[in-house]
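Content type TSV, C-alpha atoms and all ligand atoms, from the file input.tsv:
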```tsv
chain	number	residue	atom	x	y	z
G	14	MET	CA	-43.77	-5.63	-6.50
G	15	ALA	CA	-42.61	-9.18	-7.05
G	16	LEU	CA	-40.64	-9.88	-10.19
G	17	ASN	CA	-43.31	-12.17	-11.59
G	18	GLU	CA	-45.86	-9.41	-11.17
G	19	ILE	CA	-43.69	-7.04	-13.17
G	20	SER	CA	-43.24	-9.52	-15.98
G	21	ALA	CA	-46.95	-10.35	-15.92
G	22	LEU	CA	-47.75	-6.67	-16.18
G	23	LEU	CA	-45.35	-6.08	-19.02
G	24	ALA	CA	-46.87	-9.06	-20.81
G	25	VAL	CA	-50.25	-7.39	-21.02
G	26	PHE	CA	-48.92	-4.78	-23.41
G	27	ARG	CA	-47.44	-5.13	-26.80
G	28	GLN	CA	-47.43	-3.29	-30.06
G	29	SER	CA	-50.63	-3.65	-31.97
G	30	VAL	CA	-50.34	-5.99	-34.91
G	31	HIS	CA	-53.82	-6.17	-36.28
G	32	ASN	CA	-55.35	-3.05	-34.86
G	33	ARG	CA	-57.27	-5.37	-32.63
G	34	ASP	CA	-56.93	-6.57	-29.12
G	35	TYR	CA	-57.44	-9.99	-27.67
G	36	LYS	CA	-59.96	-10.29	-24.91
G	37	ALA	CA	-59.85	-13.38	-22.81
G	38	ASP	CA	-63.04	-15.22	-22.15
G	39	LYS	CA	-62.53	-15.97	-18.48
G	40	LYS	CA	-64.53	-19.16	-18.40
G	41	SER	CA	-63.13	-21.00	-21.38
G	42	ARG	CA	-59.75	-19.23	-21.36
G	43	LYS	CA	-60.25	-18.92	-25.07
G	44	CYS	CA	-59.17	-15.67	-26.70
G	45	LYS	CA	-61.33	-13.99	-29.24
G	46	TRP	CA	-60.20	-11.28	-31.59
G	47	THR	CA	-62.41	-8.32	-31.01
G	48	PRO	CA	-62.18	-4.76	-32.27
G	49	TRP	CA	-60.51	-2.24	-30.02
G	50	LYS	CA	-62.65	-1.15	-27.16
G	51	MET	CA	-63.10	2.58	-27.57
G	52	ALA	CA	-62.05	4.75	-24.68
G	53	SER	CA	-62.46	8.51	-24.66
G	54	LEU	CA	-62.16	11.41	-22.30
G	55	ALA	CA	-65.92	11.56	-22.10
G	56	ASP	CA	-66.19	7.95	-21.14
G	57	HIS	CA	-65.74	8.04	-17.39
G	58	LYS	CA	-67.82	5.04	-16.54
G	59	ASP	CA	-64.78	2.93	-15.91
G	60	THR	CA	-63.25	3.49	-12.47
G	61	TRP	CA	-59.65	3.47	-13.63
G	62	ARG	CA	-60.29	5.91	-16.41
G	63	GLY	CA	-62.28	8.04	-13.99
G	64	GLU	CA	-59.39	8.15	-11.52
G	65	LEU	CA	-56.70	8.69	-14.09
G	66	LEU	CA	-58.51	11.38	-16.02
G	67	ARG	CA	-60.03	13.17	-13.03
G	68	GLY	CA	-60.18	16.95	-13.56
G	69	ILE	CA	-58.82	16.67	-17.09
G	70	SER	CA	-60.76	17.86	-20.10
G	71	SER	CA	-58.05	17.28	-22.70
G	72	VAL	CA	-54.51	16.02	-22.96
G	73	PRO	CA	-52.22	17.63	-25.54
G	74	THR	CA	-51.02	15.45	-28.37
G	75	ILE	CA	-47.30	14.81	-28.51
G	76	GLY	CA	-45.54	13.76	-31.70
G	77	VAL	CA	-46.53	10.57	-33.44
G	78	PRO	CA	-47.24	7.95	-30.80
G	79	GLY	CA	-46.39	4.30	-31.21
G	80	ARG	CA	-49.07	1.69	-30.76
G	81	LEU	CA	-50.15	-0.24	-27.72
G	82	ALA	CA	-52.32	-3.27	-27.44
G	83	CYS	CA	-53.87	-4.39	-24.18
G	84	PHE	CA	-54.49	-8.02	-23.36
G	85	GLU	CA	-56.69	-9.55	-20.72
G	86	ASP	CA	-59.08	-7.87	-18.34
G	87	CYS	CA	-56.23	-6.56	-16.19
G	88	ALA	CA	-55.26	-3.99	-18.84
G	89	GLU	CA	-57.32	-1.08	-20.13
G	90	PRO	CA	-56.79	1.58	-22.78
G	91	ILE	CA	-57.11	4.98	-21.07
G	92	LEU	CA	-56.45	7.59	-23.74
G	93	LEU	CA	-56.93	7.21	-27.46
G	94	ASP	CA	-55.53	9.26	-30.32
G	95	ASP	CA	-57.64	10.59	-33.19
G	96	SER	CA	-57.53	7.27	-35.01
G	97	GLY	CA	-58.73	5.38	-31.96
G	98	GLN	CA	-55.31	3.96	-31.03
G	99	PRO	CA	-54.44	3.89	-27.33
G	100	VAL	CA	-51.65	6.24	-26.38
G	101	MET	CA	-51.99	5.54	-22.68
G	102	ALA	CA	-52.97	2.29	-21.03
G	103	ALA	CA	-52.99	0.96	-17.50
G	104	ALA	CA	-52.88	-2.50	-15.95
G	105	ARG	CA	-53.10	-4.02	-12.51
G	106	ILE	CA	-52.21	-7.52	-11.36
G	107	GLY	CA	-52.05	-8.31	-7.65
G	108	LYS	CA	-50.09	-5.56	-5.94
G	109	GLY	CA	-48.51	-4.51	-9.19
G	110	ALA	CA	-49.68	-1.61	-11.31
G	111	ILE	CA	-48.33	-0.04	-14.45
G	112	ILE	CA	-49.19	2.84	-16.74
G	113	VAL	CA	-47.74	2.89	-20.22
G	114	PHE	CA	-47.52	5.79	-22.66
G	115	SER	CA	-46.82	5.12	-26.29
G	116	HIS	CA	-44.72	8.25	-26.79
G	117	ASP	CA	-41.64	9.14	-24.77
G	118	GLY	CA	-42.60	12.82	-24.96
G	119	TYR	CA	-45.01	12.27	-22.07
G	120	MET	CA	-42.12	11.15	-19.88
G	121	GLU	CA	-40.24	14.32	-20.70
G	122	LYS	CA	-43.26	16.43	-19.78
G	123	PHE	CA	-43.55	14.68	-16.45
G	124	LYS	CA	-39.87	15.13	-15.79
G	125	GLN	CA	-40.06	18.82	-16.56
G	126	ASN	CA	-43.19	19.14	-14.45
G	127	ASP	CA	-44.97	20.74	-17.41
G	128	GLU	CA	-48.10	22.47	-16.12
G	129	ASN	CA	-50.26	21.06	-18.92
G	130	PHE	CA	-49.55	17.59	-17.67
G	131	CYS	CA	-49.46	18.17	-13.89
G	132	GLN	CA	-52.95	16.91	-13.25
G	133	LEU	CA	-52.41	13.80	-15.36
G	134	PHE	CA	-49.13	13.05	-13.61
G	135	ASP	CA	-50.68	13.55	-10.17
G	136	ASN	CA	-53.54	11.27	-11.11
G	137	CYS	CA	-51.07	8.64	-12.32
G	138	LEU	CA	-49.13	8.80	-9.05
G	139	ALA	CA	-52.33	8.51	-7.03
G	140	TRP	CA	-53.51	5.55	-9.08
G	141	LEU	CA	-50.11	3.88	-8.78
G	142	ASN	CA	-50.16	4.74	-5.07
G	143	VAL	CA	-46.68	6.29	-5.12
G	144	GLU	CA	-45.22	9.67	-4.20
G	145	ARG	CA	-43.60	12.01	-6.66
G	146	LYS	CA	-40.25	11.91	-4.88
G	147	THR	CA	-39.97	8.16	-5.28
G	148	VAL	CA	-40.34	8.19	-9.05
G	149	VAL	CA	-37.19	7.12	-10.84
G	150	TYR	CA	-36.52	7.90	-14.50
G	151	ASP	CA	-34.59	5.27	-16.34
G	152	ASP	CA	-31.77	7.62	-17.29
G	153	ASP	CA	-31.42	8.57	-13.61
G	154	ILE	CA	-30.85	5.04	-12.46
G	155	THR	CA	-27.30	4.55	-11.36
G	156	GLU	CA	-27.84	1.59	-9.14
G	157	ALA	CA	-30.26	-1.27	-9.41
G	158	SER	CA	-30.85	-0.93	-5.66
G	159	GLN	CA	-32.87	2.21	-6.37
G	160	LEU	CA	-35.58	0.15	-7.97
G	161	PRO	CA	-36.99	-1.78	-5.01
G	162	THR	CA	-37.26	1.39	-2.90
G	163	SER	CA	-39.01	3.25	-5.68
G	164	GLY	CA	-42.69	2.74	-6.25
G	165	ALA	CA	-42.59	3.89	-9.83
G	166	LEU	CA	-40.17	3.78	-12.68
G	167	VAL	CA	-40.62	5.97	-15.72
G	168	VAL	CA	-39.01	4.37	-18.72
G	169	ASP	CA	-37.95	6.53	-21.60
G	170	GLY	CA	-39.54	4.88	-24.59
G	171	GLY	CA	-37.40	6.73	-27.15
G	172	GLY	CA	-35.96	3.50	-28.42
G	173	ASN	CA	-32.93	5.02	-30.16
G	174	GLY	CA	-30.82	2.05	-29.21
G	175	LEU	CA	-33.36	-0.33	-30.65
G	176	GLU	CA	-33.69	1.67	-33.86
G	177	LYS	CA	-29.95	1.55	-34.30
G	178	ASP	CA	-30.20	-2.21	-34.28
G	179	SER	CA	-33.14	-1.95	-36.68
G	180	PHE	CA	-35.21	-3.96	-34.24
G	181	ASN	CA	-38.84	-3.82	-35.27
G	182	PRO	CA	-41.09	-5.55	-32.73
G	183	THR	CA	-44.20	-5.22	-34.89
G	184	GLU	CA	-42.56	-6.96	-37.82
G	185	MET	CA	-41.32	-9.70	-35.52
G	186	LEU	CA	-44.70	-10.18	-33.85
G	187	VAL	CA	-46.43	-10.29	-37.23
G	188	PHE	CA	-43.99	-13.03	-38.24
G	189	TRP	CA	-44.80	-15.12	-35.16
G	190	ASP	CA	-48.51	-14.58	-35.69
G	191	LYS	CA	-48.02	-15.99	-39.17
G	192	VAL	CA	-46.24	-19.06	-37.80
G	193	VAL	CA	-49.15	-19.85	-35.50
G	194	GLN	CA	-51.60	-19.14	-38.32
G	195	ALA	CA	-49.64	-21.41	-40.70
G	196	HIS	CA	-49.75	-24.24	-38.16
G	197	HIS	CA	-53.50	-23.85	-37.71
G	198	ASP	CA	-54.00	-23.54	-41.45
G	199	LEU	CA	-52.28	-26.89	-41.95
G	200	ARG	CA	-54.39	-28.56	-39.26
G	201	GLY	CA	-57.62	-26.87	-40.32
G	202	THR	CA	-58.36	-25.06	-37.08
G	203	ASP	CA	-58.94	-21.41	-36.24
G	204	PRO	CA	-56.41	-19.75	-33.88
G	205	SER	CA	-59.24	-17.66	-32.40
G	206	ASP	CA	-60.73	-20.83	-30.93
G	207	PHE	CA	-57.62	-21.51	-28.86
G	208	PRO	CA	-55.73	-19.68	-26.12
G	209	ARG	CA	-53.03	-17.40	-27.45
G	210	GLU	CA	-49.66	-19.19	-27.60
G	211	ARG	CA	-47.27	-18.08	-24.90
G	212	VAL	CA	-43.54	-18.55	-24.71
G	213	VAL	CA	-41.61	-18.04	-21.50
G	214	ALA	CA	-37.84	-17.71	-21.67
G	215	ASP	CA	-36.46	-18.96	-18.39
G	216	SER	CA	-33.02	-19.65	-16.97
G	217	GLN	CA	-34.16	-23.02	-15.63
G	218	PRO	CA	-36.65	-24.86	-17.85
G	219	CYS	CA	-37.73	-28.08	-16.14
G	220	ALA	CA	-37.57	-30.36	-19.18
G	221	GLY	CA	-34.91	-30.30	-21.87
G	222	TYR	CA	-33.78	-27.26	-23.78
G	223	MET	CA	-37.33	-26.35	-24.73
G	224	HIS	CA	-40.66	-27.90	-23.97
G	225	ALA	CA	-44.11	-27.44	-25.42
G	226	GLY	CA	-47.25	-26.73	-23.46
G	227	TYR	CA	-48.97	-23.70	-22.05
G	228	PRO	CA	-46.73	-21.84	-21.87
G	229	ILE	CA	-43.92	-23.17	-24.03
G	230	VAL	CA	-40.82	-22.84	-21.86
G	231	THR	CA	-37.34	-22.32	-23.19
G	232	HIS	CA	-33.95	-20.86	-22.32
G	233	LEU	CA	-33.07	-17.19	-22.32
G	234	ASP	CA	-31.10	-17.34	-25.57
G	235	ILE	CA	-34.25	-16.96	-27.68
G	236	ALA	CA	-34.64	-13.48	-26.21
G	237	ASP	CA	-31.07	-12.54	-27.13
G	238	LYS	CA	-31.04	-10.73	-30.46
G	239	ASP	CA	-27.52	-11.91	-31.21
G	240	SER	CA	-28.13	-15.60	-30.54
G	241	ASP	CA	-28.69	-18.12	-33.34
G	242	ALA	CA	-31.86	-19.15	-31.52
G	243	SER	CA	-33.18	-15.57	-31.37
G	244	VAL	CA	-36.90	-15.15	-31.93
G	245	LEU	CA	-36.37	-11.39	-32.28
G	246	ASN	CA	-33.94	-11.28	-35.17
G	247	MET	CA	-35.96	-10.75	-38.34
G	248	SER	CA	-33.18	-11.42	-40.81
G	249	LEU	CA	-32.50	-14.73	-39.08
G	250	LEU	CA	-36.20	-15.62	-38.97
G	251	GLU	CA	-36.67	-14.75	-42.63
G	252	THR	CA	-33.75	-16.84	-43.82
G	253	LYS	CA	-33.64	-19.76	-41.38
G	254	GLY	CA	-36.87	-19.64	-39.41
G	255	ASN	CA	-36.58	-21.07	-35.91
G	256	TRP	CA	-36.68	-24.86	-35.87
G	257	GLY	CA	-36.93	-25.06	-32.09
G	258	LEU	CA	-39.92	-22.83	-31.63
G	259	PHE	CA	-41.69	-23.94	-34.83
G	260	HIS	CA	-41.27	-27.46	-33.41
G	261	GLU	CA	-42.68	-26.58	-29.96
G	262	LEU	CA	-45.62	-24.76	-31.54
G	263	GLY	CA	-46.01	-27.91	-33.67
G	264	HIS	CA	-46.32	-29.97	-30.50
G	265	ASN	CA	-49.20	-27.74	-29.45
G	266	MET	CA	-50.92	-28.69	-32.73
G	267	GLN	CA	-50.56	-32.46	-32.30
G	268	ARG	CA	-53.55	-34.75	-32.10
G	269	GLY	CA	-53.30	-38.20	-30.55
G	270	ALA	CA	-55.37	-39.68	-33.38
G	271	TRP	CA	-52.62	-39.17	-35.99
G	272	THR	CA	-49.63	-39.35	-33.64
G	273	PHE	CA	-49.04	-43.06	-33.39
G	274	GLU	CA	-46.40	-44.68	-31.17
G	275	GLY	CA	-42.96	-43.31	-31.87
G	276	THR	CA	-44.13	-40.12	-33.54
G	277	THR	CA	-44.49	-37.74	-30.59
G	278	GLU	CA	-41.28	-36.01	-31.71
G	279	VAL	CA	-42.13	-36.48	-35.37
G	280	THR	CA	-45.62	-35.31	-36.28
G	281	CYS	CA	-44.93	-31.91	-34.68
G	282	ASN	CA	-42.21	-31.50	-37.31
G	283	ILE	CA	-44.72	-31.81	-40.15
G	284	PHE	CA	-45.75	-28.35	-38.93
G	285	THR	CA	-42.13	-27.25	-38.63
G	286	LEU	CA	-41.44	-28.25	-42.24
G	287	HIS	CA	-44.66	-26.62	-43.42
G	288	ALA	CA	-43.92	-23.28	-41.71
G	289	MET	CA	-40.32	-23.43	-42.95
G	290	HIS	CA	-41.66	-23.91	-46.47
G	291	THR	CA	-44.52	-21.43	-46.53
G	292	LEU	CA	-42.95	-18.64	-44.44
G	293	VAL	CA	-39.22	-19.03	-44.89
G	294	GLY	CA	-39.20	-20.56	-48.36
G	295	ILE	CA	-37.19	-23.67	-47.49
G	296	ASP	CA	-38.29	-26.71	-49.48
G	297	PRO	CA	-39.11	-29.45	-46.94
G	298	TRP	CA	-37.22	-32.00	-48.99
G	299	ARG	CA	-34.08	-29.88	-48.86
G	300	HIS	CA	-34.30	-28.62	-45.30
G	301	PRO	CA	-30.88	-28.99	-43.60
G	302	TRP	CA	-32.48	-30.53	-40.51
G	303	LEU	CA	-33.92	-33.35	-42.63
G	304	ARG	CA	-30.73	-33.70	-44.66
G	305	ASN	CA	-28.81	-34.15	-41.41
G	306	GLN	CA	-30.84	-37.31	-40.85
G	307	TRP	CA	-29.78	-38.86	-44.17
G	308	LYS	CA	-27.00	-40.90	-42.57
G	309	ASP	CA	-29.30	-42.33	-39.88
G	310	ILE	CA	-31.99	-42.99	-42.47
G	311	HIS	CA	-29.52	-44.84	-44.64
G	312	GLN	CA	-28.39	-46.93	-41.69
G	313	TYR	CA	-31.98	-47.63	-40.64
G	314	LEU	CA	-33.11	-48.67	-44.12
G	315	LYS	CA	-30.63	-51.55	-44.10
G	316	LYS	CA	-32.96	-53.28	-41.68
G	317	PRO	CA	-36.27	-51.43	-41.34
G	318	CYS	CA	-38.55	-52.40	-38.48
G	319	TYR	CA	-41.19	-50.41	-36.61
G	320	ASN	CA	-39.53	-50.88	-33.19
G	321	ALA	CA	-36.32	-49.25	-34.42
G	322	TRP	CA	-38.27	-46.61	-36.41
G	323	LYS	CA	-40.02	-45.52	-33.21
G	324	GLU	CA	-36.68	-44.81	-31.55
G	325	ASN	CA	-35.40	-42.17	-33.97
G	326	PRO	CA	-37.55	-39.08	-34.68
G	327	GLY	CA	-35.11	-37.98	-37.40
G	328	VAL	CA	-35.68	-41.24	-39.27
G	329	GLY	CA	-39.40	-40.99	-38.51
G	330	LEU	CA	-39.72	-37.67	-40.30
G	331	GLY	CA	-38.50	-39.22	-43.56
G	332	VAL	CA	-41.83	-40.65	-44.69
G	333	TYR	CA	-43.71	-37.48	-43.77
G	334	ALA	CA	-41.21	-35.39	-45.73
G	335	GLN	CA	-41.67	-37.77	-48.67
G	336	LEU	CA	-45.44	-37.26	-48.57
G	337	ALA	CA	-44.95	-33.48	-48.62
G	338	HIS	CA	-42.31	-33.76	-51.34
G	339	HIS	CA	-44.39	-35.90	-53.69
G	340	PHE	CA	-47.89	-34.63	-52.95
G	341	GLY	CA	-47.49	-31.12	-51.46
G	342	TRP	CA	-49.34	-29.75	-48.45
G	343	GLU	CA	-52.91	-29.92	-49.77
G	344	PRO	CA	-53.39	-33.64	-48.97
G	345	TYR	CA	-52.09	-32.99	-45.45
G	346	LYS	CA	-54.64	-30.22	-45.07
G	347	LYS	CA	-57.45	-32.47	-46.26
G	348	VAL	CA	-56.39	-35.38	-44.08
G	349	PHE	CA	-55.95	-33.30	-40.93
G	350	ARG	CA	-59.35	-31.71	-41.51
G	351	GLU	CA	-60.92	-35.14	-41.73
G	352	TYR	CA	-59.45	-35.94	-38.34
G	353	GLU	CA	-60.82	-32.71	-36.89
G	354	ARG	CA	-64.31	-33.91	-37.88
G	355	ASP	CA	-63.80	-37.37	-36.38
G	356	VAL	CA	-66.31	-38.49	-33.82
G	357	HIS	CA	-64.71	-41.76	-32.78
G	358	PRO	CA	-61.06	-41.80	-31.75
G	359	PRO	CA	-58.89	-44.67	-33.01
G	360	SER	CA	-59.16	-47.74	-30.78
G	361	ASP	CA	-55.46	-48.62	-30.66
G	362	ASN	CA	-52.10	-47.94	-32.25
G	363	GLN	CA	-52.71	-50.20	-35.26
G	364	ASP	CA	-56.01	-48.42	-35.83
G	365	LYS	CA	-54.11	-45.11	-35.80
G	366	ILE	CA	-51.64	-46.33	-38.42
G	367	ASP	CA	-54.43	-47.81	-40.54
G	368	ARG	CA	-56.53	-44.66	-40.49
G	369	TRP	CA	-53.54	-42.55	-41.51
G	370	VAL	CA	-52.65	-44.88	-44.40
G	371	ILE	CA	-56.26	-45.14	-45.57
G	372	ARG	CA	-56.97	-41.43	-45.37
G	373	PHE	CA	-53.78	-40.30	-47.04
G	374	SER	CA	-54.11	-42.97	-49.74
G	375	ARG	CA	-57.68	-41.97	-50.50
G	376	THR	CA	-56.78	-38.31	-50.58
G	377	VAL	CA	-53.91	-38.72	-53.04
G	378	ARG	CA	-55.65	-41.64	-54.79
G	379	ARG	CA	-52.55	-43.79	-54.52
G	380	ASN	CA	-52.04	-46.94	-52.47
G	381	LEU	CA	-49.48	-45.86	-49.87
G	382	VAL	CA	-49.11	-49.29	-48.26
G	383	PRO	CA	-45.85	-50.05	-50.17
G	384	LEU	CA	-44.36	-46.73	-49.04
G	385	PHE	CA	-45.12	-47.38	-45.38
G	386	GLU	CA	-43.95	-50.97	-45.68
G	387	PHE	CA	-40.70	-49.68	-47.15
G	388	TRP	CA	-40.22	-47.89	-43.81
G	389	GLY	CA	-41.18	-50.95	-41.76
G	390	LEU	CA	-44.70	-49.80	-40.93
G	391	SER	CA	-47.42	-52.32	-41.68
G	392	ALA	CA	-51.05	-51.57	-42.27
G	393	GLY	CA	-53.66	-54.10	-41.18
G	394	GLU	CA	-55.37	-56.42	-43.67
G	395	THR	CA	-58.61	-54.42	-43.72
G	396	ALA	CA	-56.72	-51.20	-44.39
G	397	LYS	CA	-54.75	-52.85	-47.19
G	398	ALA	CA	-57.96	-54.06	-48.79
G	399	GLU	CA	-59.52	-50.62	-48.53
G	400	VAL	CA	-56.80	-48.90	-50.54
G	401	SER	CA	-56.06	-51.71	-52.98
G	402	GLU	CA	-58.15	-50.05	-55.70
G	403	PHE	CA	-55.50	-47.30	-56.06
G	404	PRO	CA	-52.20	-47.67	-57.94
G	405	SER	CA	-49.30	-48.61	-55.66
G	406	PHE	CA	-46.97	-45.83	-54.63
G	407	LEU	CA	-43.27	-46.26	-54.01
G	408	PRO	CA	-41.47	-43.41	-55.76
G	409	LYS	CA	-37.87	-43.42	-56.87
G	410	ASP	CA	-36.38	-40.62	-54.85
G	411	GLU	CA	-33.22	-39.88	-52.89
G	412	ILE	CA	-34.50	-41.90	-49.94
G	413	THR	CA	-35.88	-44.98	-51.68
G	414	THR	CA	-32.76	-45.28	-53.82
G	415	MET	CA	-30.42	-44.64	-50.89
G	416	HIS	CA	-29.52	-48.27	-50.27
G	417	GLN	CA	-28.61	-48.71	-53.95
G	418	SER	CA	-26.52	-45.58	-54.24
G	419	VAL	CA	-24.31	-45.96	-51.16
G	501	ZN	ZN	-40.25	-31.95	-29.07
```
In structure tokens, what does this structure look like?
Amino acid sequence: MALNEISALLAVFRQSVHNRDYKADKKSRKCKWTPWKMASLADHKDTWRGELLRGISSVPTIGVPGRLACFEDCAEPILLDDSGQPVMAAARIGKGAIIVFSHDGYMEKFKQNDENFCQLFDNCLAWLNVERKTVVYDDDITEASQLPTSGALVVDGGGNGLEKDSFNPTEMLVFWDKVVQAHHDLRGTDPSDFPRERVVADSQPCAGYMHAGYPIVTHLDIADKDSDASVLNMSLLETKGNWGLFHELGHNMQRGAWTFEGTTEVTCNIFTLHAMHTLVGIDPWRHPWLRNQWKDIHQYLKKPCYNAWKENPGVGLGVYAQLAHHFGWEPYKKVFREYERDVHPPSDNQDKIDRWVIRFSRTVRRNLVPLFEFWGLSAGETAKAEVSEFPSFLPKDEITTMHQSV
């Protein structure tokens, strides 16, 4: 089995977060949240289930199983517990095949050749197309070279090592679900209408340290629990979030209509700041990442002009952080939702700036032209006229008073 097949197979399982599975709609590649598909011993209509449960009328329960979730059409729940949760699932991609049990007790039974499980084990071997003598148990592996010659590897799912590190994958996955949900909530879209976000940790990303897209690609450090960039470390996520991945997920939220020239690396961070605020509790105005831009902002404000503004995403975020600081997230939500309903895209960059200024001004009922002009961004004459009925807005805050104080 090629390595990519193994990783693809492992990717079709994960712990259940919502008691639901995602089923991919093959045509649109959109994922819908649907209730678990019920599988039972009586339900032999499916070929896989038929093969794997051949000659078996019942399978003894072992301990308290963990939870499995199957994604995509290549994975199927095979056995369910009393509450309808899969305790055994199978998947096939290309030449690769895998069967997963959610309790390590099954592995022990196979190892001991327990007669109550013989038929099930034989069926598994037949379905995997491997012989009993080639099966390797993870605690038997002394050399990695055993793996390629073996057709099957039984992994002990006891997880003692993980428990010692208090690693809780469900908690972590729930957190990341919330990040994606927070991003969609800000934009006014439903995550169910979009493909599930995927992140691939790779040793050789092709662009920069991380890049957005489908999938988001990043270095291996995010998968290292001890790294500062870890996406698995709950205490880190709960106290600092993960700027890098919030940012990349933010890129996947961007719309061209409100991302005018120079803001490709900026408007994604509106989402970063929002998720940092709502999930991690860090006030956007006080976020260390923003505060680290203070020096550049101060320098820039000595001679503001749009061409220079476009060159520095840290400076660019300033005005968006001000809007969140003075007006909160509700206006953002309203404005983004208006864009989602738009029929006609902006005609050019000036039109993009004008629409943003008009919409935000109308939403907060303040004329934001002075604020944008403070940053070197000019609205067109028509836009200015449209918002002139509202009181001008240029607050006295740590940014606008920067040039006086230093
Ligand atoms: Zn970026």
Open item on the list: Could you list, as a VMD selection string, all protein and nucleic acid residues with an atom at most 7 Å from ligand ZN 501 (chain G), counting all atoms listed in the file?
Closed with: chain G and resid 224 to 225 260 to 261 264 278
TODO: Enter the distance from atom CA of G:Ser360 to atom CA of G:Trp322, in Å, rounded to one decimal.
DONE: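 Distance between the two atoms: 21.7 Å.
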Could the residues of stretch 218-320 of chain G that have an atom at most 7 Å from stretch 186-210 of chain G be listed as JSON lines, each with its closest atom pair and the distance in Å to one decimal, counting all atoms listed in the file and ordered by chain and ascending residue number?
```
{"residue": "G:Pro228", "atom": "CA", "partner": "G:Glu210", "partner_atom": "CA", "distance": 7.0}
{"residue": "G:Gly263", "atom": "CA", "partner": "G:His196", "partner_atom": "CA", "distance": 6.9}
{"residue": "G:Phe284", "atom": "CA", "partner": "G:His196", "partner_atom": "CA", "distance": 5.8}
{"residue": "G:Ala288", "atom": "CA", "partner": "G:Ala195", "partner_atom": "CA", "distance": 6.1}
```
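For the pair atom CA of G:Glu411 and atom CA of G:Lys315, the interatomic distance is 14.8 Å.
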Open item on the list: Just to confirm, what's the straight-line distance from atom CA of G:Val293 to atom CA of G:Leu250 in Å (one decimal)?
Closed with: 7.5 Å
- [ ] Can you work out which one of G:Arg67, G:Arg211, G:Arg105, G:Lys323 has the shortest atom-to-atom distance to G:Cys131, counting all atoms listed in the file?
- [x]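 For G:Cys131, the nearest of the given residues is G:Arg67.
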- [ ] Using all atoms listed in the file, find the one residue out of G:Ser243, G:Asn325, G:Asn136, G:Thr395 that sits nearest to G:Gly257.
- [x]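 For G:Gly257, the nearest of the given residues is G:Ser243.
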Open item on the list: Counting all atoms listed in the file, which residue out of G:Gly254, G:Gly341, G:Gly269, G:Gly327 sits closest to G:Asp364?
Closed with: G:Gly269
What are the closest atom pairs, with distances in Å to one decimal, for each residue of stretch 241-329 of chain G lying within 12 Å of stretch 373-388 of chain G, using all atoms listed in the file, rows by chain and rising residue number, as a Markdown table?
```
| residue | atom | partner | partner_atom | distance |
| --- | --- | --- | --- | --- |
| G:Trp271 | CA | G:Phe373 | CA | 11.2 |
| G:Ile310 | CA | G:Trp388 | CA | 9.7 |
| G:His311 | CA | G:Trp388 | CA | 11.2 |
| G:Tyr313 | CA | G:Trp388 | CA | 8.8 |
| G:Leu314 | CA | G:Trp388 | CA | 7.2 |
| G:Lys315 | CA | G:Trp388 | CA | 10.3 |
| G:Lys316 | CA | G:Trp388 | CA | 9.3 |
| G:Pro317 | CA | G:Trp388 | CA | 5.9 |
| G:Cys318 | CA | G:Trp388 | CA | 7.2 |
| G:Tyr319 | CA | G:Trp388 | CA | 7.7 |
| G:Asn320 | CA | G:Trp388 | CA | 11.1 |
| G:Ala321 | CA | G:Trp388 | CA | 10.3 |
| G:Trp322 | CA | G:Trp388 | CA | 7.8 |
| G:Lys323 | CA | G:Trp388 | CA | 10.9 |
| G:Val328 | CA | G:Trp388 | CA | 9.2 |
| G:Gly329 | CA | G:Trp388 | CA | 8.7 |
```
Could you write out that same residue set with C-alpha atoms as a short mmCIF file (atom, residue, chain, number, x, y, z; two decimals), in the coordinates of the input?
```cif
data_model
loop_
_atom_site.label_atom_id
_atom_site.label_comp_id
_atom_site.auth_asym_id
_atom_site.auth_seq_id
_atom_site.Cartn_x
_atom_site.Cartn_y
_atom_site.Cartn_z
CA TRP G 271 -52.62 -39.17 -35.99
CA ILE G 310 -31.99 -42.99 -42.47
CA HIS G 311 -29.52 -44.84 -44.64
CA TYR G 313 -31.98 -47.63 -40.64
CA LEU G 314 -33.11 -48.67 -44.12
CA LYS G 315 -30.63 -51.55 -44.10
CA LYS G 316 -32.96 -53.28 -41.68
CA PRO G 317 -36.27 -51.43 -41.34
CA CYS G 318 -38.55 -52.40 -38.48
CA TYR G 319 -41.19 -50.41 -36.61
CA ASN G 320 -39.53 -50.88 -33.19
CA ALA G 321 -36.32 -49.25 -34.42
CA TRP G 322 -38.27 -46.61 -36.41
CA LYS G 323 -40.02 -45.52 -33.21
CA VAL G 328 -35.68 -41.24 -39.27
CA GLY G 329 -39.40 -40.99 -38.51
#
```
- [ ] Rank nothing, just name the residue among G:Leu93, G:Leu262, G:Met185, G:Ile412 nearest to G:Ser248, using all atoms listed in the file.
- [x]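 When distances to G:Ser248 are compared using all atoms listed in the file, the smallest one comes from G:Met185.
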Task: Pick from G:Pro73, G:Gly68, G:Pro99, G:Gly109, whichever lies nearest to G:Lys122 using only C-alpha atoms - done: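 Distance minimum relative to G:Lys122 lands on G:Pro73.
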Task: Selected residue, from G:Val244, G:Trp307, G:Ile371, G:Leu292, that lies nearest to G:Phe403 when counting only C-alpha atoms - done: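 Result for the nearest residue to G:Phe403: G:Ile371.
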